[in-house]
Protein chains: 2
Amino acid sequence: MKERVFAEIENNNYKNVKATLKEMFVQDIADLLEEIEDPAILLKVFKLLTKDVGAEVFSYVNPDCQEALINVLTDKELVYIVEELSIDDAVDLVDEMPANIVERILKISTKDTRSEINKLLKYEDDSAGSIMTTEFLAIKENLTAEQAINKIRKIGDNVETINVIYVTDKSKILKGVLSIRDILLAEPDELIGDIMSDNIIFATTNTDQETIAQDFKQYDIISMPIVDNEKRMVGIVTIDDIVRVIEDENTEDISKMAAVTPNDKPYLKTSVWKLFLQRVPWIMLLMISSSITSLIITKNESILNASAFGIILTACIPMIMGTGGNTGGQVSVTIIRGIALDEIRFKDIFKVIWKEIRVAVILGLSVSIVCFAKLLYLDGIINEPNGILVASVICLAMFVTICIAKVVGCILPLLAKKLHLDPAVMASPFITTIIDAVSLIILCNLSLQLLPA
Amino acid sequence: MKERVFAEIENNNYKNVKATLKEMFVQDIADLLEEIEDPAILLKVFKLLTKDVGAEVFSYVNPDCQEALINVLTDKELVYIVEELSIDDAVDLVDEMPANIVERILKISTKDTRSEINKLLKYEDDSAGSIMTTEFLAIKENLTAEQAINKIRKIGDNVETINVIYVTDKSKILKGVLSIRDILLAEPDELIGDIMSDNIIFATTNTDQETIAQDFKQYDIISMPIVDNEKRMVGIVTIDDIVRVIEDENTEDISKMAAVTPNDKPYLKTSVWKLFLQRVPWIMLLMISSSITSLIITKNESILNASAFGIILTACIPMIMGTGGNTGGQVSVTIIRGIALDEIRFKDIFKVIWKEIRVAVILGLSVSIVCFAKLLYLDGIINEPNGILVASVICLAMFVTICIAKVVGCILPLLAKKLHLDPAVMASPFITTIIDAVSLIILCNLSLQLLPA
């Protein structure tokens with residue numbers, strides 16, 4: 001459909017554009033608007049939408065497009081949109097816009113909206129307060145089911161969801177929770193206090209969003225009440241926000257695993273300079289730590305340079321290092337993910353180590369055997385003097401490296417967790433740097449011991 | 001609370017256990033049951049729960065614990081649980097249990113349940129059909145809002161959710177969708193056909209679960225109707241299933257990025273042999289491909305072995321390879337994630353390459369400068385003959401390697417996507433193996449050209 005709209009815009013046939021837009025979902029219209037670069041056309045297309053659809057579409061377009069729209073809208077048009085936005089979207093908007101636009105938004109919005117926005121803006125990033133909305137449905141426990149339904153009919157239009165209903169007392173203290181189904185299925189004269197459950201999963205405004213996401217997953221809920229320090233209910237977080245939190249947290253973990261500083265923005269919106277800053281510290285750190293490897297090679301110069309099989313050993317360094325790094329990376333990433341999903345805890349450390357030792361032995365043996373054959377026949381070492389002995393030493397080094405890599409790879413993330421560091425940092429690049437040095441020491445020492453001078 | 005329950009079990013004080021269980025959420029009781037190893041105690045604790053709570057808890061415990069419970073429950077107890085389970089949970093159960101238990105479950109369950117289970121079992125893994133439930137709420141469009149509410153009151157207890165209501169005609173063809181809020185807020189005599197929206201986001205039974213998850217995220221929905229090939233409605237997928245799908249897909253991507261074959265089971269439940277099989281093919285593949293690196297080193301023996309600065313060059317190989325691998329890994333993982341989140345598409349390839357070239361130049365320059373200083377002063381090359389020249393050659397090789405790594409790292413995942421391969425496979429380990437060979441060729445060639453023989 002998007003292509004059709006663009007073709008019609010090209011032909012200046014806005015009547016058809018309008019007809020097509022009517023058939024589209026607001027989220028798809030938002031995607032379409034984001035791709036229009038000319039502000040004049042953007043405004044023209046936006047104005048084809050009804051006021052309500054326009055306001056909804058506005059909440060879905062990205063900040064760049066929101067800014068472009070705000071710049072071409074009149075105050076009257078803008079105020080309608082801002083008042084229609086749900087409070088958490090309005091807060092996101094104010095959070096993302098440059099100062100002059102924020103000033104304009106706050107100036108034109110009603111006093112109530114302004115004070116709600118200001119209240120929510122105070123919460124820390126990634127806290128429950130920063131992702132919650134204050135538009136929730138709370139009723140008193142002395143209502144009957146019938147009275148509750150009448151109340152919902154009256155105010156249900158202005159809240160984020162009516163699927164879950166909260167019960168508060170006159171000081172706004174959270175007392176209970178029930179679903180719209182509970183109310184509909186109850187007898188009309190049953191009291192809310194008797195239907196509701198007082199076993200409530202809730203969080204405070206400063207709870208970290210990741211913790212809240214864990215609770216949503218653990219308890220299969222679609223909405224969670226957020227309370228202040230006096231247990232007064234101040235907002236709700238809904239499942240659609242949590243889906244976004246889960247994806248953000250996953251992106252963050254994946255970035256850290258690849259030694260990239262995480263970043264909220266989509267890749268294509270991130271500046272070259274920002275990308276550089278996200279990556280450079282880790283590359284520098286890892287490069288400097290490779291000095292250790294260089295040092296080990298220099299120290300073992302005699303082994304690697306002098307003897308007849310020196311060049312064979314040197315040629316094998318990348319293979320052993322690479323295999324060690326890859327096996328270590330496999331286990332560390334598996335463990336990091338297990339920790340993130342709460343499937344593996346620190347108390348499991350011995351179970352994990354024991355499991356990895358067994359995997360390491362089988363894996364080490366099979367890789368070493370294949371490597372032995374590869375060295376002799378593919379790389380042709382069998383024709384060199386002492387060929388079989390050299391190949392054996394290399395494969396033994398490979399085996400030991402794999403075993404150590406597996407154990408280091410599973411211990412480091414668990415230790416990080418224990419020390420309240422982020423386990424994701426202990427992924428491949430970090431493990432690789434350690435294994436590089438370890439594998440070299442093993443190879444050089446084994447050669448020194450087992451090969452003729 | 002869990003600890004308290006275990007202490008009371010230890011003291012054989014089941015009256016207190018029962019009291020504590022009453023205060024707990026079913027999901028937490030499930031976690032607790034999973035940790036009980038003695039089947040006799042497991043049964044004793046399970047029997048403390050009321051029948052309904054027991055059935056609910058049963059749906060949350062893991063397959064091992066379900067199996068243990070089934071083995072100690074009587075047919076009468078089991079049939080109650082199976083009939084209480086929602087159909088998608090019953091299907092999962094039958095999917096996970098060994099053959100003899102499946103036989104028993106199907107034998108004792110009612111004919112209806114058995115035929116529902118058999119119907120759902122036929123759908124392919126990871127398809128909409130395999131994750132949907134058939135217990136949904138569908139009404140006819142000629143009902144009034146009031147009649148609809150009465151209908152919901154009657155059947156609302158047996159469906160997965162009443163938050164979203166579907167409208168079907170007499171052949172069960174999907175006609176519209178509306179929320180419980182739409183019905184409650186409508187006038188009692190308004191017709192459902194007039195309130196409902198006929199612009200529906202739906203999927204067919206064979207749609208891949210990942211596609212469905214994308215739609216949930218794009219359209220902010222909490223439930224999606226699933227239709228067969230004749231557009232007859234056969235089930236719904238709800239947001240709690242989708243949260244699980246999103247986490248599974250993320251785990252799958254992360255596994256592939258670390259060169260591990262993905263697996264559905266939690267780490268601690270995966271056997272040593274299975275872990276070995278998930279990892280060994282990739283390690284073998286990557287090890288064998290490192291033959292190329294060995295070959296390059298052997299071919300350049302004269303450069304790396306003969307001259308005075310041979311050992312310095314050799315000592316730098318791991319650093320250059322490592323830095324190349326890390327920078328390539330950074331960009332490939334960033335791009336892979338961007339593709340997974342649908343933020344980057346193949347048509348953006350030139351934008352991406354241009355961005356990465358600029359990042360590469362800045363990153364390459366800064367890393368090379370720091371590396372130059374490190375080589376001269378930290379590694380002490382300044383005291384060697386031709387020290388500054390050698391360091392310059394190494395840093396130049398570093399710069400070229402970083403530039404190539406960045407470009408390779410961004411092109412490969414996008415190409416994979418274009419060729420309908422999984423971009424996640426093009427992550428660090430794969431990129432590293434390519435960059436290893438490339439960086440060596442660069443280093444050896446530059447040395448040959450620029451250094452005195």
# chains A, B, ... in the order shown; residues from 1 in each chain; ligands from 1
>>> calpha_fit_rmsd(fixed="chain B", moving="chain A")
0.1 Å
>>> residues_around(residues="A:Glu135", least_positions_apart="5", cutoff="8 Å", atoms="only C-alpha atoms", output="mmCIF file with N, CA and C atoms, in the first residue's frame")
data_model
loop_
_atom_site.group_PDB
_atom_site.id
_atom_site.type_symbol
_atom_site.label_atom_id
_atom_site.label_comp_id
_atom_site.auth_asym_id
_atom_site.auth_seq_id
_atom_site.Cartn_x
_atom_site.Cartn_y
_atom_site.Cartn_z
ATOM 1 N N SER A 86 -1.346 9.795 24.996
ATOM 2 C CA SER A 86 -1.379 9.300 26.370
ATOM 3 C C SER A 86 -0.159 9.893 27.071
ATOM 4 N N ILE A 87 -0.276 10.050 28.389
ATOM 5 C CA ILE A 87 0.735 10.816 29.122
ATOM 6 C C ILE A 87 2.143 10.267 28.924
ATOM 7 N N ASN A 158 -10.914 7.287 29.043
ATOM 8 C CA ASN A 158 -9.721 8.108 29.288
ATOM 9 C C ASN A 158 -8.568 7.374 29.945
ATOM 10 N N VAL A 159 -8.654 6.057 30.018
ATOM 11 C CA VAL A 159 -7.574 5.312 30.659
ATOM 12 C C VAL A 159 -6.875 4.435 29.626
ATOM 13 N N GLU A 160 -5.680 3.988 29.967
ATOM 14 C CA GLU A 160 -4.875 3.201 29.034
ATOM 15 C C GLU A 160 -5.525 1.851 28.749
ATOM 16 N N GLY A 235 0.539 4.844 38.967
ATOM 17 C CA GLY A 235 0.521 4.582 37.524
ATOM 18 C C GLY A 235 0.470 3.102 37.210
ATOM 19 N N ILE A 236 0.421 2.806 35.918
ATOM 20 C CA ILE A 236 0.510 1.410 35.506
ATOM 21 C C ILE A 236 1.515 1.283 34.363
#
>>> closest_atom_pairs(of="chain B", to="chain A", cutoff="7 Å", atoms="only C-alpha atoms", output="tab-separated table")
residue	atom	partner	partner_atom	distance
B:Gln27	CA	A:Tyr219	CA	6.2
B:Arg153	CA	A:Leu185	CA	5.3
B:Ile162	CA	A:Arg181	CA	6.7
B:Asn163	CA	A:Asn163	CA	6.0
B:Arg181	CA	A:Ile162	CA	6.7
B:Leu184	CA	A:Arg153	CA	6.1
B:Leu185	CA	A:Arg153	CA	5.2
B:Gln218	CA	A:Gln27	CA	6.7
B:Tyr219	CA	A:Gln27	CA	6.1
B:Asp220	CA	A:Asp240	CA	6.1
B:Asp240	CA	A:Asp220	CA	6.1
B:Val243	CA	A:Val243	CA	6.8
B:Thr251	CA	A:Arg337	CA	6.9
B:Ser255	CA	A:Thr334	CA	6.9
B:Ala258	CA	A:Gln330	CA	5.3
B:Ala259	CA	A:Gln330	CA	6.5
B:Val260	CA	A:Gln330	CA	6.1
B:Pro266	CA	A:Glu343	CA	6.5
B:Tyr267	CA	A:Gly338	CA	6.6
B:Val272	CA	A:Val359	CA	5.6
B:Leu275	CA	A:Val359	CA	6.9
B:Phe276	CA	A:Val359	CA	5.6
B:Val280	CA	A:Leu363	CA	6.4
B:Ile283	CA	A:Thr323	CA	6.5
B:Met284	CA	A:Val367	CA	6.4
B:Met287	CA	A:Thr323	CA	6.1
B:Ser290	CA	A:Met319	CA	5.4
B:Ser294	CA	A:Ala315	CA	4.4
B:Ile297	CA	A:Ala315	CA	5.3
B:Thr298	CA	A:Ala315	CA	6.2
B:Glu301	CA	A:Ile311	CA	6.7
B:Asn305	CA	A:Asn305	CA	6.2
B:Ile311	CA	A:Thr298	CA	6.6
B:Ala315	CA	A:Ser294	CA	4.4
B:Cys316	CA	A:Ser294	CA	6.0
B:Met319	CA	A:Ser290	CA	5.4
B:Thr323	CA	A:Met287	CA	6.1
B:Asn326	CA	A:Pro429	CA	6.5
B:Thr327	CA	A:Ile283	CA	6.9
B:Gly329	CA	A:Ala258	CA	6.3
B:Gln330	CA	A:Ala258	CA	5.3
B:Val333	CA	A:Ala258	CA	6.5
B:Thr334	CA	A:Ser255	CA	6.9
B:Arg337	CA	A:Thr251	CA	7.0
B:Gly338	CA	A:Tyr267	CA	6.6
B:Glu343	CA	A:Pro266	CA	6.5
B:Lys355	CA	A:Val272	CA	6.2
B:Arg358	CA	A:Val272	CA	6.7
B:Val359	CA	A:Val272	CA	5.6
B:Leu363	CA	A:Phe276	CA	6.3
B:Val367	CA	A:Met284	CA	6.4
B:Pro429	CA	A:Asn326	CA	6.4
>>> select_by_dssp(residues="stretch 66-276 of chain B", states="strand (DSSP E or B)", output="number ranges by chain")
B: 127, 133, 138-139, 144, 164-168, 173-179, 191, 197, 203-204, 208, 223-227, 232-238
